[in-house]
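Reproduced below: coords.cif, with mmCIF, C-alpha atoms.
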data_run
#
loop_
_atom_site.label_atom_id
_atom_site.label_comp_id
_atom_site.auth_asym_id
_atom_site.auth_seq_id
_atom_site.Cartn_x
_atom_site.Cartn_y
_atom_site.Cartn_z
CA MET A 1 103.77 94.74 59.39
CA GLU A 2 101.94 91.68 60.66
CA PRO A 3 99.40 92.16 63.47
CA CYS A 4 100.61 90.92 66.85
CA LYS A 5 99.57 87.41 67.79
CA VAL A 6 99.46 87.06 71.57
CA LEU A 7 98.72 84.05 73.75
CA LEU A 8 97.42 84.97 77.22
CA VAL A 9 97.93 82.24 79.82
CA ASP A 10 96.16 82.65 83.18
CA ASP A 11 93.78 80.48 85.18
CA GLU A 12 91.62 83.49 86.16
CA GLU A 13 89.07 83.10 83.38
CA GLU A 14 87.18 86.36 83.83
CA PHE A 15 90.45 88.32 83.98
CA VAL A 16 92.02 86.74 80.95
CA ILE A 17 88.90 86.92 78.77
CA THR A 18 88.40 90.60 79.59
CA LEU A 19 92.07 91.37 78.95
CA ALA A 20 91.84 89.52 75.63
CA GLU A 21 88.82 91.59 74.62
CA ARG A 22 90.68 94.82 75.35
CA LEU A 23 93.68 93.70 73.31
CA ARG A 24 91.46 92.69 70.37
CA LEU A 25 90.01 96.23 70.37
CA ARG A 26 93.56 97.30 69.49
CA ASP A 27 93.81 94.89 66.54
CA ILE A 28 95.90 92.34 68.39
CA VAL A 29 95.12 88.71 67.57
CA VAL A 30 94.60 87.03 70.93
CA GLU A 31 94.25 83.45 72.04
CA VAL A 32 93.56 82.42 75.63
CA ALA A 33 94.81 79.42 77.60
CA LEU A 34 93.64 78.65 81.13
CA ASN A 35 96.46 76.30 82.10
CA GLY A 36 99.94 75.20 81.12
CA GLU A 37 98.91 72.23 79.02
CA GLN A 38 96.51 74.33 76.94
CA ALA A 39 99.25 76.91 76.50
CA LEU A 40 101.80 74.40 75.17
CA LYS A 41 99.22 72.96 72.77
CA ALA A 42 98.35 76.43 71.47
CA VAL A 43 102.01 77.34 70.96
CA GLU A 44 102.59 74.07 69.10
CA GLU A 45 99.59 74.48 66.79
CA ARG A 46 99.47 78.27 66.32
CA PRO A 47 102.76 79.82 67.43
CA PRO A 48 102.17 83.41 68.64
CA HIS A 49 104.64 86.28 68.58
CA VAL A 50 104.31 86.78 72.32
CA VAL A 51 103.09 84.69 75.25
CA VAL A 52 101.92 86.55 78.37
CA LEU A 53 102.30 83.88 81.02
CA ASP A 54 101.19 83.83 84.66
CA VAL A 55 103.83 82.25 86.88
CA LEU A 56 101.32 80.84 89.37
CA LEU A 57 99.44 78.30 87.27
CA PRO A 58 97.76 75.22 88.71
CA GLY A 59 99.32 71.93 87.58
CA LEU A 60 102.15 72.62 85.16
CA GLY A 61 103.69 75.80 86.63
CA GLY A 62 104.45 78.94 84.66
CA LEU A 63 108.23 78.57 84.83
CA GLU A 64 108.06 74.99 83.51
CA VAL A 65 105.80 76.16 80.67
CA LEU A 66 108.30 78.92 79.92
CA LYS A 67 111.15 76.43 79.80
CA ARG A 68 109.30 74.15 77.38
CA ILE A 69 108.28 77.03 75.10
CA ARG A 70 111.86 78.31 74.98
CA ASP A 71 113.10 74.79 74.13
CA SER A 72 110.55 74.10 71.39
CA HIS A 73 109.92 77.60 69.99
CA PRO A 74 112.88 79.87 70.79
CA HIS A 75 111.53 82.63 68.54
CA VAL A 76 108.38 83.00 70.67
CA GLN A 77 108.86 85.76 73.25
CA VAL A 78 107.50 85.25 76.76
CA ILE A 79 106.44 87.99 79.18
CA LEU A 80 105.79 86.76 82.73
CA LEU A 81 103.05 87.88 85.10
CA THR A 82 104.25 87.70 88.70
CA GLY A 83 102.99 88.80 92.09
CA ARG A 84 104.40 91.84 93.88
CA GLY A 85 107.38 90.83 95.97
CA SER A 86 108.07 87.81 93.75
CA ASP A 87 111.40 89.19 92.54
CA GLU A 88 113.06 85.80 92.85
CA GLU A 89 110.50 84.22 90.49
CA ALA A 90 110.99 87.05 88.01
CA ARG A 91 114.78 86.61 88.15
CA ARG A 92 114.44 82.87 87.58
CA GLY A 93 112.08 83.52 84.68
CA ILE A 94 114.47 85.96 83.03
CA ALA A 95 117.30 83.44 83.51
CA LEU A 96 115.12 80.83 81.79
CA GLY A 97 114.63 83.09 78.79
CA ALA A 98 111.61 85.30 79.51
CA VAL A 99 112.05 88.63 77.73
CA ASP A 100 110.36 90.66 80.49
CA TYR A 101 107.92 90.50 83.39
CA LEU A 102 104.97 92.45 84.76
CA VAL A 103 103.58 92.60 88.28
CA LYS A 104 99.95 91.60 88.60
CA PRO A 105 97.52 93.39 88.45
CA VAL A 106 99.10 94.87 85.35
CA HIS A 107 98.72 98.38 83.99
CA PHE A 108 97.21 97.86 80.54
CA GLU A 109 99.30 100.51 78.79
CA GLU A 110 102.46 98.94 80.22
CA LEU A 111 101.40 95.54 78.89
CA ILE A 112 100.86 96.92 75.39
CA ALA A 113 104.24 98.66 75.51
CA LYS A 114 105.98 95.45 76.56
CA ILE A 115 104.23 93.41 73.86
CA ARG A 116 105.35 95.96 71.25
CA LYS A 117 108.87 95.92 72.61
CA ALA A 118 109.04 92.12 72.73
CA SER A 119 108.18 91.55 69.09
CA PRO A 120 108.28 93.59 65.90
CA CYS A 121 104.58 93.19 65.20
CA GLN A 122 101.73 95.66 64.93
CA ALA A 123 99.79 96.62 68.06
CA ARG A 124 97.90 99.86 68.46
CA GLU A 125 98.44 101.64 71.77
CA THR A 126 95.11 103.44 71.58
CA LEU A 127 91.63 102.57 70.33
CA MET B 1 126.46 88.19 117.01
CA SER B 2 126.65 85.29 114.56
CA GLY B 3 126.51 82.81 117.47
CA GLU B 4 123.41 84.56 118.73
CA ARG B 5 121.99 84.46 115.21
CA ASP B 6 122.63 80.72 114.89
CA THR B 7 120.89 80.12 118.19
CA MET B 8 117.94 82.20 117.02
CA ASN B 9 117.72 80.30 113.73
CA ALA B 10 117.57 77.05 115.61
CA GLU B 11 115.00 78.25 118.15
CA GLU B 12 111.31 78.34 117.46
CA ARG B 13 109.17 81.28 118.44
CA PRO B 14 106.38 80.49 120.90
CA GLY B 15 103.42 79.26 118.84
CA GLU B 16 105.62 79.07 115.72
CA ASP B 17 103.50 76.49 113.93
CA GLN B 18 100.27 78.42 114.51
CA LEU B 19 101.96 81.64 113.36
CA ARG B 20 103.21 79.97 110.21
CA PHE B 21 99.74 78.61 109.48
CA MET B 22 98.21 82.08 109.86
CA ALA B 23 100.92 83.61 107.67
CA GLU B 24 100.57 80.99 104.92
CA VAL B 25 96.79 81.47 104.73
CA THR B 26 97.17 85.26 104.75
CA ALA B 27 99.84 85.24 102.02
CA SER B 28 97.77 82.89 99.89
CA VAL B 29 94.70 85.12 100.21
CA THR B 30 96.68 88.20 99.20
CA HIS B 31 97.56 86.42 95.92
CA GLU B 32 93.87 85.79 95.38
CA MET B 33 93.10 89.43 96.17
CA ARG B 34 95.49 90.44 93.38
CA ASN B 35 93.52 88.29 90.95
CA VAL B 36 90.28 89.91 92.09
CA LEU B 37 91.79 93.38 91.68
CA ALA B 38 93.22 92.48 88.27
CA THR B 39 89.77 91.41 87.07
CA ILE B 40 88.14 94.58 88.42
CA ARG B 41 90.83 96.72 86.77
CA GLU B 42 90.41 95.07 83.35
CA SER B 43 86.60 95.09 83.54
CA ALA B 44 86.65 98.81 84.32
CA GLY B 45 89.20 99.30 81.56
CA LEU B 46 86.95 97.50 79.09
CA VAL B 47 83.99 99.71 80.04
CA GLY B 48 86.25 102.72 79.45
CA ASP B 49 87.29 101.37 76.06
CA LEU B 50 83.68 100.76 75.00
CA VAL B 51 82.56 104.21 76.17
CA GLU B 52 85.47 105.73 74.27
CA MET B 53 84.28 104.05 71.08
CA VAL B 54 80.81 105.60 71.23
CA PRO B 55 80.57 108.51 68.74
CA GLU B 56 81.05 111.95 70.26
CA GLY B 57 77.85 113.44 71.67
CA SER B 58 75.81 110.23 71.61
CA PHE B 59 76.67 109.03 75.12
CA PRO B 60 74.92 111.10 77.80
CA ARG B 61 76.86 111.60 81.07
CA LYS B 62 80.07 110.28 79.55
CA GLU B 63 82.08 112.45 81.97
CA ARG B 64 80.30 110.93 84.94
CA VAL B 65 81.13 107.43 83.74
CA ALA B 66 84.75 108.47 83.25
CA LYS B 67 84.83 109.86 86.80
CA ALA B 68 83.40 106.61 88.21
CA LEU B 69 85.97 104.58 86.27
CA LYS B 70 88.76 106.77 87.63
CA SER B 71 87.46 106.15 91.13
CA ILE B 72 87.47 102.38 90.52
CA GLU B 73 91.07 102.59 89.31
CA GLU B 74 92.10 104.56 92.40
CA GLN B 75 90.47 102.02 94.69
CA VAL B 76 92.17 99.19 92.80
CA GLU B 77 95.51 100.94 93.39
CA ARG B 78 94.64 101.24 97.08
CA GLY B 79 93.74 97.56 97.22
CA VAL B 80 96.96 96.60 95.44
CA GLU B 81 98.97 98.58 97.97
CA LEU B 82 97.17 96.99 100.92
CA ALA B 83 97.44 93.48 99.50
CA GLY B 84 101.15 94.00 98.83
CA LYS B 85 101.87 95.23 102.34
CA LEU B 86 99.77 92.46 103.90
CA ASN B 87 101.63 89.91 101.79
CA ARG B 88 104.97 91.27 102.97
CA PHE B 89 103.74 91.26 106.57
CA ALA B 90 102.71 87.61 106.25
CA HIS B 91 106.06 86.67 104.71
CA SER B 92 107.94 88.40 107.52
CA ILE B 93 107.77 85.12 109.40
CA ASP B 94 109.68 83.25 106.67
CA GLU B 95 113.13 84.20 107.95
CA ARG B 96 114.27 84.11 111.54
CA TRP B 97 117.01 86.69 111.06
CA ALA B 98 117.51 89.08 108.13
CA GLN B 99 118.55 92.52 106.90
CA VAL B 100 115.47 94.69 107.26
CA SER B 101 114.75 98.19 105.98
CA LEU B 102 113.26 100.19 108.85
CA GLU B 103 111.62 102.61 106.42
CA GLU B 104 109.85 99.78 104.62
CA VAL B 105 108.71 98.18 107.86
CA VAL B 106 107.39 101.43 109.34
CA GLU B 107 105.64 102.34 106.07
CA GLU B 108 104.07 98.89 105.97
CA ILE B 109 102.88 99.03 109.59
CA CYS B 110 101.48 102.55 109.23
CA LEU B 111 99.41 101.40 106.24
CA LEU B 112 98.21 98.21 107.94
CA LEU B 113 97.27 100.11 111.11
CA SER B 114 95.75 103.04 109.22
CA ARG B 115 92.21 101.75 109.67
CA LYS B 116 92.67 101.37 113.42
CA ALA B 117 94.25 104.81 113.67
CA ARG B 118 91.46 106.37 111.60
CA ASN B 119 88.82 104.76 113.81
CA ARG B 120 90.45 106.37 116.81
CA ARG B 121 90.97 109.62 114.86
CA VAL B 122 94.68 109.48 115.51
CA ASN B 123 97.31 110.47 112.94
CA LEU B 124 100.28 108.16 112.45
CA ILE B 125 103.17 110.25 111.17
CA PRO B 126 106.19 108.34 109.86
CA MET B 127 109.34 110.48 109.72
CA TYR B 128 112.31 109.31 107.67
CA GLY B 129 115.69 110.85 107.12
CA GLY B 130 115.71 109.39 103.62
CA GLN B 131 119.12 107.77 104.13
CA GLY B 132 117.90 104.15 104.07
CA VAL B 133 118.34 102.63 107.52
CA TRP B 134 118.87 98.87 107.59
CA VAL B 135 119.16 96.62 110.64
CA GLN B 136 119.70 92.95 111.38
CA ALA B 137 116.59 91.67 113.13
CA ASP B 138 113.92 89.04 113.32
CA PRO B 139 111.59 90.49 110.64
CA PHE B 140 108.40 89.28 112.27
CA TYR B 141 109.35 90.12 115.83
CA LEU B 142 110.46 93.60 114.77
CA ARG B 143 107.02 94.24 113.28
CA TYR B 144 105.38 92.81 116.38
CA ILE B 145 107.31 95.12 118.69
CA ILE B 146 106.62 98.25 116.61
CA CYS B 147 102.91 97.37 116.34
CA ARG B 148 102.67 96.75 120.07
CA CYS B 149 104.36 100.04 120.83
CA LEU B 150 101.98 101.87 118.49
CA ASP B 151 99.11 100.06 120.20
CA HIS B 152 100.35 101.56 123.44
CA TYR B 153 99.39 104.97 122.10
CA LEU B 154 96.46 104.14 119.84
CA GLU B 155 94.45 102.24 122.44
CA GLY B 156 94.33 104.97 125.00
CA MET B 157 94.66 108.10 122.95
CA GLU B 158 92.08 110.87 122.69
CA ALA B 159 90.67 111.71 119.25
CA GLY B 160 92.71 114.23 117.32
CA GLY B 161 96.07 113.12 118.69
CA SER B 162 99.09 112.17 116.69
CA VAL B 163 101.92 109.69 116.97
CA GLU B 164 105.28 110.28 115.33
CA ILE B 165 107.42 107.34 114.27
CA ARG B 166 110.92 108.65 113.69
CA ILE B 167 113.71 106.57 112.17
CA GLN B 168 117.21 107.75 113.01
CA ALA B 169 120.74 106.57 112.33
CA SER B 170 123.78 107.92 114.14
CA GLU B 171 127.15 106.75 115.43
CA LYS B 172 125.38 105.51 118.57
CA GLY B 173 123.17 103.20 116.55
CA ARG B 174 119.91 103.02 114.70
CA THR B 175 116.60 103.73 116.37
CA VAL B 176 112.88 103.85 115.85
CA LYS B 177 111.43 106.42 118.25
CA ILE B 178 107.68 106.58 118.74
CA THR B 179 106.57 109.82 120.31
CA SER B 180 103.28 111.30 121.40
CA PRO B 181 102.41 114.46 123.33
CA ARG B 182 101.20 113.60 126.84
CA SER B 183 98.24 115.92 126.24
CA SER B 184 96.99 113.30 123.75
CA GLY B 185 96.32 111.06 126.72
CA GLY B 186 98.70 108.30 125.65
CA VAL B 187 99.96 106.99 128.97
CA GLU B 188 97.14 108.02 131.27
CA SER B 189 94.36 105.63 130.36
CA PRO B 190 93.75 102.11 131.72
CA HIS B 191 94.32 100.82 128.16
CA ALA B 192 97.73 102.41 128.09
CA GLN B 193 98.67 100.98 131.47
CA ARG B 194 97.87 97.52 130.13
CA ARG B 195 99.96 98.25 127.03
CA GLU B 196 102.82 99.41 129.21
CA LEU B 197 102.87 95.99 130.79
CA VAL B 198 103.00 94.44 127.31
CA ILE B 199 105.94 96.64 126.35
CA GLU B 200 107.75 95.78 129.58
CA SER B 201 107.34 92.12 128.75
CA LEU B 202 108.85 92.47 125.25
CA ASP B 203 111.87 90.30 124.84
CA SER B 204 114.95 92.34 123.98
CA SER B 205 117.03 89.31 123.00
CA CYS B 206 116.19 89.65 119.30
CA GLY B 207 118.61 92.50 118.73
CA VAL B 208 116.15 95.18 119.81
CA GLU B 209 116.40 97.13 123.04
CA VAL B 210 113.17 98.80 124.15
CA MET B 211 113.34 101.97 126.27
CA ARG B 212 110.62 104.32 127.45
CA GLY B 213 110.61 107.80 128.81
CA GLU B 214 109.06 111.23 129.04
CA GLU B 215 110.48 114.62 128.27
CA GLN B 216 109.18 118.07 127.43
CA GLY B 217 105.56 117.00 127.68
CA GLU B 218 106.02 114.00 125.41
CA SER B 219 106.07 110.31 126.15
CA TRP B 220 108.20 108.09 123.96
CA VAL B 221 109.22 104.52 123.28
CA GLU B 222 112.54 103.94 121.58
CA LEU B 223 113.67 100.76 119.84
CA SER B 224 117.41 100.60 119.59
CA PHE B 225 119.41 98.30 117.27
CA LYS B 226 123.02 97.57 118.03
CA ASP B 227 124.08 94.83 115.61
#

How would this structure read if it were set down as structure tokens?
Amino acid sequence: MEPCKVLLVDDEEEFVITLAERLRLRDIVVEVALNGEQALKAVEERPPHVVVLDVLLPGLGGLEVLKRIRDSHPHVQVILLTGRGSDEEARRGIALGAVDYLVKPVHFEELIAKIRKASPCQARETL
Amino acid sequence: MSGERDTMNAEERPGEDQLRFMAEVTASVTHEMRNVLATIRESAGLVGDLVEMVPEGSFPRKERVAKALKSIEEQVERGVELAGKLNRFAHSIDERWAQVSLEEVVEEICLLLSRKARNRRVNLIPMYGGQGVWVQADPFYLRYIICRCLDHYLEGMEAGGSVEIRIQASEKGRTVKITSPRSSGGVESPHAQRRELVIESLDSSCGVEVMRGEEQGESWVELSFKD
């Protein structure tokens, strides 16, 4: 089975780089984007299995990015990161084609489980 | 009731614009707090991962590091809970009239006032029937009234006292009853007298009737909902 290729999209640089490092320790191939435009470019050039996408992005918002990814690359699965109490955003995201959502700050094990569930690729749960 | 509701939707609270400004800033900051907590959680997680990768026996005090990381995670959880409740509190001003869960509101207020209660060494004891009691109310004003009533006790209470916040639903209506033993000093102090004046001034036109009383050595304030 192919190793999971994941694109993490979040404007919190320290958070997203650290999260990427943890995922790489589990043999997941990770790319990072700090805004919506970078994310769309990365998906276009190196389509991942799964995109983990923050809803609250500066500039091009997360839901708009989701819509464009679903239009251009329907096979790419998108997991949204939302804030607690943002049920409406999560519902809109699911309606737009997101496969799942997580409330920020995420529990790492839950993220891994959702990545594995979203795409039939290889991701180790433990080190 | 719907006519009353329409009137309330059209009316502005006193200082509405200033309240909205405060709420918007608070809600925005709680989002930022989540980002801070997320970064702390992942950084601690990464340290844990790296420690885990060190060969067995070659990392002195590994257990101590694990204990410290567990403590960080627990504090992150605490921060997440506080940020979530503060966010909900800030957003309570968004709607002028809504279905509100009394359990959720009381739980939220008890957490947000926990620091104040701890400073005064007073225990806040929420008591739910577990049946899920919902009321129609102004979400912000409801929180304001409950907080003010709790203030009534907290401000003047002696250390070691306790305040019970009991949610009840019956055929007569739904209530939040705040009770404290008189021996805790609740209504005797100058602070409490001032708070009594605040409670007396509370507007009952928002679907909440405020009553006060004393019985069997306890003083109480009861909020009654009759929608």

| Near-stretch 168-180 of chain B list (9 Å; all atoms listed in the file; drop same-chain fewer than 6 positions) as a PyMOL selection string | chain B and resi 102+106+127-129+131+133-135+146+149-150+153+161-162+186+217-227

| field | Residues matched by the PyMOL selection byres ((chain A) within 10 of (chain B)) as a list in words | value | Asp10, Asp11, Glu12, Glu13, Glu14, Phe15, Val16, Ile17, Thr18, Leu19, Ala20, Glu21, Arg22, Leu23, Leu25, Arg26, Leu56, Thr82, Gly83, Arg84, Gly85, Val103, Lys104, Pro105, Val106, His107, Phe108, Thr126 and Leu127 of chain A

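Across the structure, atom CA of B:Leu154 and atom CA of B:Leu111 are spaced 14.2 Å apart.
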
Residue neighbourhood B:Gly160, 10 Å, all atoms listed in the file, exclusion window fewer than 4 positions, as a tab-separated table (two decimals) with C-alpha atoms, keeping the file's coordinate frame:
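The resulting out_32.tsv:
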chain	number	residue	atom	x	y	z
B	118	ARG	CA	91.46	106.37	111.60
B	120	ARG	CA	90.45	106.37	116.81
B	121	ARG	CA	90.97	109.62	114.86
B	122	VAL	CA	94.68	109.48	115.51
B	123	ASN	CA	97.31	110.47	112.94
B	184	SER	CA	96.99	113.30	123.75

| query | What does the distance from atom CA of A:Glu109 to atom CA of A:Ala123 come to in Å, to one decimal? | reply | 11.4 Å
